[in-house]
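Have a look at structure.tsv; it's TSV, C-alpha atoms:
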```tsv
chain	number	residue	atom	x	y	z
C	99	MET	CA	-1.73	109.66	101.66
C	100	GLU	CA	-2.93	111.96	98.89
C	101	LYS	CA	-2.14	110.81	95.39
C	102	THR	CA	-0.22	112.93	92.93
C	103	ILE	CA	-1.33	113.20	89.31
C	104	GLU	CA	1.64	111.03	88.33
C	105	THR	CA	0.43	108.30	90.71
C	106	ILE	CA	-3.04	108.43	89.18
C	107	TRP	CA	-1.64	107.88	85.70
C	108	LYS	CA	0.59	105.04	86.87
C	109	GLU	CA	-2.40	103.25	88.36
C	110	GLY	CA	-4.19	103.64	85.05
C	111	PHE	CA	-7.84	103.01	84.35
C	112	LEU	CA	-7.91	99.48	85.70
C	113	LYS	CA	-10.17	98.92	88.68
C	114	SER	CA	-12.36	95.96	89.42
C	115	ASP	CA	-14.98	97.34	87.04
C	116	ALA	CA	-12.72	99.12	84.56
C	117	LEU	CA	-10.87	98.13	81.39
C	118	VAL	CA	-9.92	94.47	81.12
C	119	ALA	CA	-6.94	94.45	78.77
C	120	PRO	CA	-3.76	95.83	80.40
C	121	LYS	CA	-2.35	96.94	77.04
C	122	LEU	CA	-5.42	99.05	76.32
C	123	ASN	CA	-5.24	100.43	79.84
C	124	HIS	CA	-1.62	101.48	79.32
C	125	LEU	CA	-2.40	103.02	75.92
C	126	TYR	CA	-5.27	105.19	77.16
C	127	THR	CA	-3.35	106.16	80.28
C	128	LYS	CA	-0.52	107.50	78.12
C	129	LYS	CA	-2.91	109.29	75.77
C	130	SER	CA	-4.87	110.87	78.61
C	131	LYS	CA	-1.80	112.09	80.47
C	132	HIS	CA	-0.43	113.57	77.25
C	133	ILE	CA	-3.66	115.44	76.50
C	134	ILE	CA	-4.02	116.93	79.99
C	135	ASP	CA	-0.35	117.88	80.18
C	136	LYS	CA	-0.60	119.52	76.77
C	137	PHE	CA	-3.70	121.49	77.74
C	138	ASN	CA	-2.10	122.67	81.00
C	139	ARG	CA	1.00	123.87	79.14
C	140	MET	CA	-1.05	125.67	76.50
C	141	PHE	CA	-3.34	127.25	79.11
C	142	LYS	CA	-0.39	128.58	81.14
C	143	ILE	CA	1.36	129.87	78.02
C	144	ASN	CA	-1.87	131.58	76.94
C	145	ILE	CA	-2.17	133.41	80.28
C	146	ILE	CA	1.47	134.50	80.10
C	147	ALA	CA	0.95	135.69	76.51
C	148	ILE	CA	-2.10	137.75	77.55
C	149	VAL	CA	-0.17	139.48	80.35
C	150	ALA	CA	2.93	140.04	78.20
C	151	GLY	CA	0.77	141.36	75.37
C	152	SER	CA	-0.95	143.81	77.71
C	153	PHE	CA	2.41	145.30	78.74
C	154	LEU	CA	3.64	145.48	75.15
C	155	PHE	CA	0.46	147.17	73.95
C	156	LEU	CA	0.57	149.58	76.90
C	157	GLY	CA	4.12	150.61	76.04
C	158	PHE	CA	3.31	150.95	72.34
C	159	SER	CA	0.20	153.04	73.00
C	160	LEU	CA	2.04	155.41	75.34
C	161	ILE	CA	4.81	155.94	72.79
C	162	SER	CA	2.31	156.35	69.93
C	163	GLY	CA	0.14	158.87	71.77
C	164	PHE	CA	-2.83	156.61	72.62
C	165	PRO	CA	-2.55	156.48	76.45
C	166	LEU	CA	-6.27	156.00	77.16
C	167	MET	CA	-6.49	153.09	74.75
C	168	GLY	CA	-3.36	151.44	76.14
C	169	ILE	CA	-4.34	151.76	79.81
C	170	SER	CA	-7.89	150.51	79.22
C	171	PHE	CA	-6.68	147.62	77.08
C	172	PHE	CA	-4.10	146.76	79.74
C	173	VAL	CA	-6.76	146.60	82.46
C	174	ILE	CA	-9.15	144.45	80.38
C	175	LEU	CA	-6.48	141.92	79.41
C	176	ASN	CA	-5.19	141.57	82.96
C	177	ILE	CA	-8.71	141.03	84.31
C	178	ILE	CA	-9.05	138.16	81.81
C	179	ALA	CA	-5.67	136.78	82.92
C	180	VAL	CA	-6.53	136.99	86.65
C	181	VAL	CA	-9.89	135.22	86.19
C	182	ASN	CA	-8.26	132.41	84.20
C	183	LYS	CA	-5.42	132.13	86.70
C	184	ARG	CA	-7.99	131.55	89.45
C	185	LEU	CA	-9.79	129.02	87.27
C	186	MET	CA	-6.48	127.21	86.84
C	187	LYS	CA	-6.15	126.95	90.63
C	188	THR	CA	-9.55	125.25	90.89
C	189	LEU	CA	-8.18	122.40	88.78
C	190	ALA	CA	-6.01	121.45	91.76
C	191	GLN	CA	-9.19	120.95	93.82
C	192	ILE	CA	-10.20	117.88	91.84
C	193	ASP	CA	-9.94	114.82	94.05
C	194	LYS	CA	-6.76	112.93	93.22
C	195	ASN	CA	-7.77	109.82	95.22
C	196	ILE	CA	-9.66	108.46	92.23
C	197	SER	CA	-8.88	106.38	89.18
C	198	SER	CA	-7.35	108.03	86.13
C	199	TYR	CA	-10.60	107.55	84.20
C	200	GLN	CA	-12.56	109.38	86.89
C	201	TYR	CA	-9.92	112.09	86.97
C	202	LEU	CA	-10.18	112.45	83.20
C	203	LYS	CA	-13.96	112.85	83.51
C	204	SER	CA	-13.51	115.44	86.27
C	205	PHE	CA	-10.97	117.30	84.15
C	206	SER	CA	-13.40	117.33	81.23
C	207	GLY	CA	-16.10	118.79	83.50
C	208	TRP	CA	-13.70	121.45	84.82
C	209	MET	CA	-12.69	122.39	81.28
C	210	LYS	CA	-16.32	122.86	80.19
C	211	GLU	CA	-16.98	125.07	83.21
C	212	GLN	CA	-13.86	127.12	82.47
C	213	LEU	CA	-15.01	127.62	78.88
C	214	ALA	CA	-18.48	128.63	80.05
C	215	VAL	CA	-17.03	131.32	82.36
C	216	ASN	CA	-14.87	132.74	79.57
C	217	ARG	CA	-17.77	132.60	77.15
C	218	ARG	CA	-19.86	134.75	79.50
C	219	MET	CA	-16.98	137.20	79.97
C	220	ALA	CA	-16.48	137.45	76.20
C	221	ARG	CA	-19.90	139.08	75.86
C	222	PHE	CA	-18.49	141.99	77.88
C	223	TYR	CA	-14.80	142.20	77.04
C	224	TYR	CA	-15.12	142.05	73.23
C	225	PRO	CA	-17.34	145.18	73.10
C	226	ALA	CA	-15.23	146.75	75.87
C	227	ILE	CA	-12.05	146.26	73.82
C	228	PHE	CA	-13.77	147.71	70.75
C	229	LEU	CA	-15.05	150.78	72.64
C	230	THR	CA	-11.62	151.21	74.24
C	231	MET	CA	-10.00	151.34	70.81
C	232	VAL	CA	-12.58	153.81	69.50
C	233	LEU	CA	-12.36	156.12	72.52
C	234	GLY	CA	-8.59	155.85	72.62
C	235	PHE	CA	-8.29	156.87	68.99
C	236	TRP	CA	-10.89	159.62	69.37
C	237	SER	CA	-8.98	161.16	72.30
C	238	SER	CA	-5.63	161.08	70.45
C	239	SER	CA	-4.23	163.91	68.35
C	240	GLU	CA	-4.92	161.91	65.17
C	241	GLY	CA	-8.49	161.42	66.27
C	242	GLN	CA	-8.89	165.09	67.04
C	243	ASN	CA	-7.56	166.02	63.60
C	244	LEU	CA	-10.16	163.74	62.03
C	245	TYR	CA	-12.80	165.24	64.32
C	246	ASN	CA	-11.89	168.76	63.19
C	247	GLU	CA	-12.20	167.70	59.56
C	248	ILE	CA	-15.66	166.34	60.26
C	249	ILE	CA	-16.68	169.48	62.14
C	250	GLY	CA	-15.64	171.48	59.08
C	251	ASN	CA	-18.57	169.85	57.29
C	252	TYR	CA	-21.03	170.34	60.17
C	253	ASN	CA	-23.78	171.54	57.81
C	254	GLU	CA	-23.80	168.09	56.19
C	255	ILE	CA	-23.54	165.95	59.33
C	256	TYR	CA	-25.94	165.68	62.26
C	257	MET	CA	-24.18	166.14	65.61
C	258	ILE	CA	-24.98	164.98	69.18
C	259	ASN	CA	-22.92	166.50	71.97
C	260	GLY	CA	-20.30	167.48	69.43
C	261	MET	CA	-20.08	164.01	67.84
C	262	PRO	CA	-21.37	162.82	64.44
C	263	VAL	CA	-24.64	160.99	65.05
C	264	PHE	CA	-24.05	158.41	62.33
C	265	TRP	CA	-20.70	157.54	63.85
C	266	LEU	CA	-22.34	157.07	67.23
C	267	LEU	CA	-25.01	154.84	65.71
C	268	GLY	CA	-22.39	152.76	63.91
C	269	ILE	CA	-20.24	152.37	67.02
C	270	THR	CA	-23.26	151.46	69.13
C	271	LEU	CA	-24.41	148.90	66.57
C	272	LEU	CA	-20.99	147.23	66.36
C	273	ALA	CA	-20.58	147.14	70.16
C	274	SER	CA	-24.07	145.60	70.48
C	275	LEU	CA	-23.26	142.94	67.89
C	276	LEU	CA	-20.02	142.08	69.70
C	277	ALA	CA	-21.97	141.70	72.95
C	278	LEU	CA	-24.64	139.59	71.27
C	279	PHE	CA	-22.22	137.29	69.46
C	280	GLY	CA	-19.35	137.48	71.96
C	281	GLY	CA	-19.85	133.88	73.04
C	282	ARG	CA	-19.74	132.60	69.47
C	283	ILE	CA	-16.68	134.68	68.68
C	284	TYR	CA	-14.99	133.22	71.76
C	285	ASN	CA	-15.88	129.69	70.65
C	286	TRP	CA	-14.25	130.35	67.29
C	287	ASP	CA	-11.25	131.98	68.95
C	288	VAL	CA	-10.64	129.19	71.48
C	289	GLY	CA	-11.31	126.55	68.85
C	290	MET	CA	-8.41	127.90	66.82
C	291	ILE	CA	-6.06	127.34	69.78
C	292	TYR	CA	-7.42	124.34	71.67
C	293	GLY	CA	-9.71	122.72	69.10
C	294	ARG	CA	-7.49	119.68	68.45
C	295	VAL	CA	-6.96	119.11	72.18
C	296	PHE	CA	-10.70	119.21	72.89
C	297	LYS	CA	-11.43	116.84	70.03
C	298	LYS	CA	-8.78	114.38	71.18
C	299	LEU	CA	-10.05	114.44	74.76
C	300	ASP	CA	-13.63	113.74	73.63
C	301	GLU	CA	-12.42	110.88	71.42
C	302	ILE	CA	-10.47	109.26	74.27
C	303	LEU	CA	-13.44	109.51	76.65
C	304	ALA	CA	-15.79	108.09	74.02
C	305	ASP	CA	-13.43	105.15	73.34
C	306	ILE	CA	-12.97	104.35	77.04
C	307	GLU	CA	-16.69	104.54	77.79
C	308	GLU	CA	-17.43	102.26	74.84
C	309	LEU	CA	-14.90	99.73	76.15
C	310	ARG	CA	-16.29	99.97	79.67
C	311	ALA	CA	-19.87	99.41	78.52
```

Rendering of file as structure tokens:
Amino acid sequence: MEKTIETIWKEGFLKSDALVAPKLNHLYTKKSKHIIDKFNRMFKINIIAIVAGSFLFLGFSLISGFPLMGISFFVILNIIAVVNKRLMKTLAQIDKNISSYQYLKSFSGWMKEQLAVNRRMARFYYPAIFLTMVLGFWSSSEGQNLYNEIIGNYNEIYMINGMPVFWLLGITLLASLLALFGGRIYNWDVGMIYGRVFKKLDEILADIEELRA
């Protein structure tokens, strides 16, 4: 009969070759279950927040006259949410017929893979979000008013296909930097949200492995 996660935690880390002291076993079982439950709650809330935020931004952009920006932003955020929702489902594929220590190790491996996938995506969606905001503003009435002001000084500004060349160079440079450092920006971003959880998980694993040695 397949074990539930609750059953795994109740069995604890004790096996024939695992922790010796029952009190330590109980302590680390409680800590581990708390950390994984906390991460799962935060991960689900984060996905919900991304989807909710995409709808709110879409509505705001349509009301404010930035439809292209809102639609593009909506699509990008929901792609991120769908990918992470699928990653969440793969967590259920971890074998539950193992000890809680082994499950904790498997969870740690899954989490690192999930972060790696998002880190790779960040190199694309950060510049995509930036370009979406630029194009959305440029296509709006406010953007067109600014464009007309720039065109009024066309003798002083180089133009390419009706757009100021220095603006294009600046936008291209910023988008390239976001693509280049997207992974690092994501690390900083996710560290702000999950940093304490990751640190606690690493500490628990290090303590258990030291005791098992």

Report the closest atom pair, with its distance in Å rounded to one decimal, for each residue of region 185-224 of chain C that has an atom no farther than 10 Å from region 285-306 of chain C; count all atoms listed in the file, sort by chain and then rising residue number, and write it as JSON lines.
```
{"residue": "C:Tyr199", "atom": "CA", "partner": "C:Ile306", "partner_atom": "CA", "distance": 8.2}
{"residue": "C:Leu202", "atom": "CA", "partner": "C:Leu303", "partner_atom": "CA", "distance": 7.9}
{"residue": "C:Lys203", "atom": "CA", "partner": "C:Leu303", "partner_atom": "CA", "distance": 7.6}
{"residue": "C:Phe205", "atom": "CA", "partner": "C:Leu299", "partner_atom": "CA", "distance": 9.9}
{"residue": "C:Ser206", "atom": "CA", "partner": "C:Leu299", "partner_atom": "CA", "distance": 7.8}
{"residue": "C:Met209", "atom": "CA", "partner": "C:Phe296", "partner_atom": "CA", "distance": 9.2}
{"residue": "C:Lys210", "atom": "CA", "partner": "C:Phe296", "partner_atom": "CA", "distance": 9.9}
{"residue": "C:Leu213", "atom": "CA", "partner": "C:Asn285", "partner_atom": "CA", "distance": 8.5}
{"residue": "C:Ala214", "atom": "CA", "partner": "C:Asn285", "partner_atom": "CA", "distance": 9.8}
{"residue": "C:Asn216", "atom": "CA", "partner": "C:Asn285", "partner_atom": "CA", "distance": 9.5}
{"residue": "C:Arg217", "atom": "CA", "partner": "C:Asn285", "partner_atom": "CA", "distance": 7.4}
{"residue": "C:Ala220", "atom": "CA", "partner": "C:Asn285", "partner_atom": "CA", "distance": 9.6}
```

- request: Would you mind listing what lies within 6 Å of region 161-176 of chain C as JSON, numbers by chain, with all atoms listed in the file counted and same-chain residues fewer than 5 positions away left out?
  value: {"C": [152, 156, 230, 231, 234, 238]}

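Residue nearest Val232 (chain C) within the list C:Ile148, C:Leu272, C:Ile192, C:Ile178: C:Leu272 [criterion: smallest interatomic distance, all atoms listed in the file].
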
- line: One residue among C:Phe158, C:Phe228, C:Asn243, C:Met186 is nearest to Ile269 (chain C) when using all atoms listed in the file, and that residue is C:Phe228

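For the residues C:Phe235, C:Leu160, C:Leu229, C:Glu307, ranking by smallest atom-to-atom distance to Leu271 (chain C) using only C-alpha atoms places C:Leu229 first.
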
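With CA of Tyr284 (chain C) on one side and CA of Val180 (chain C) on the other, the separation reads 17.5 Å.
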
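CA of Tyr223 (chain C) is positioned 8.3 Å from CA of Ala277 (chain C).
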
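The gap separating CA of Gly281 (chain C) from CA of Arg221 (chain C) is 5.9 Å, in Å to one decimal.
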
message: Please determine, counting only C-alpha atoms, which residue among C:Ala179, C:Ile143, C:Val215, C:Trp208 has the shortest atom-to-atom distance to Gln191 (chain C).
response: C:Trp208

- request: Select, from C:Lys129, C:Arg218, C:Arg184, C:Arg139, the residue with the minimum atom-to-atom distance to Phe279 (chain C), counting all atoms listed in the file.
  value: C:Arg218

Gln212 (chain C) surroundings by all atoms listed in the file, 10 Å radius, close-in-sequence under 6 positions cut, as a count of residues only: 7
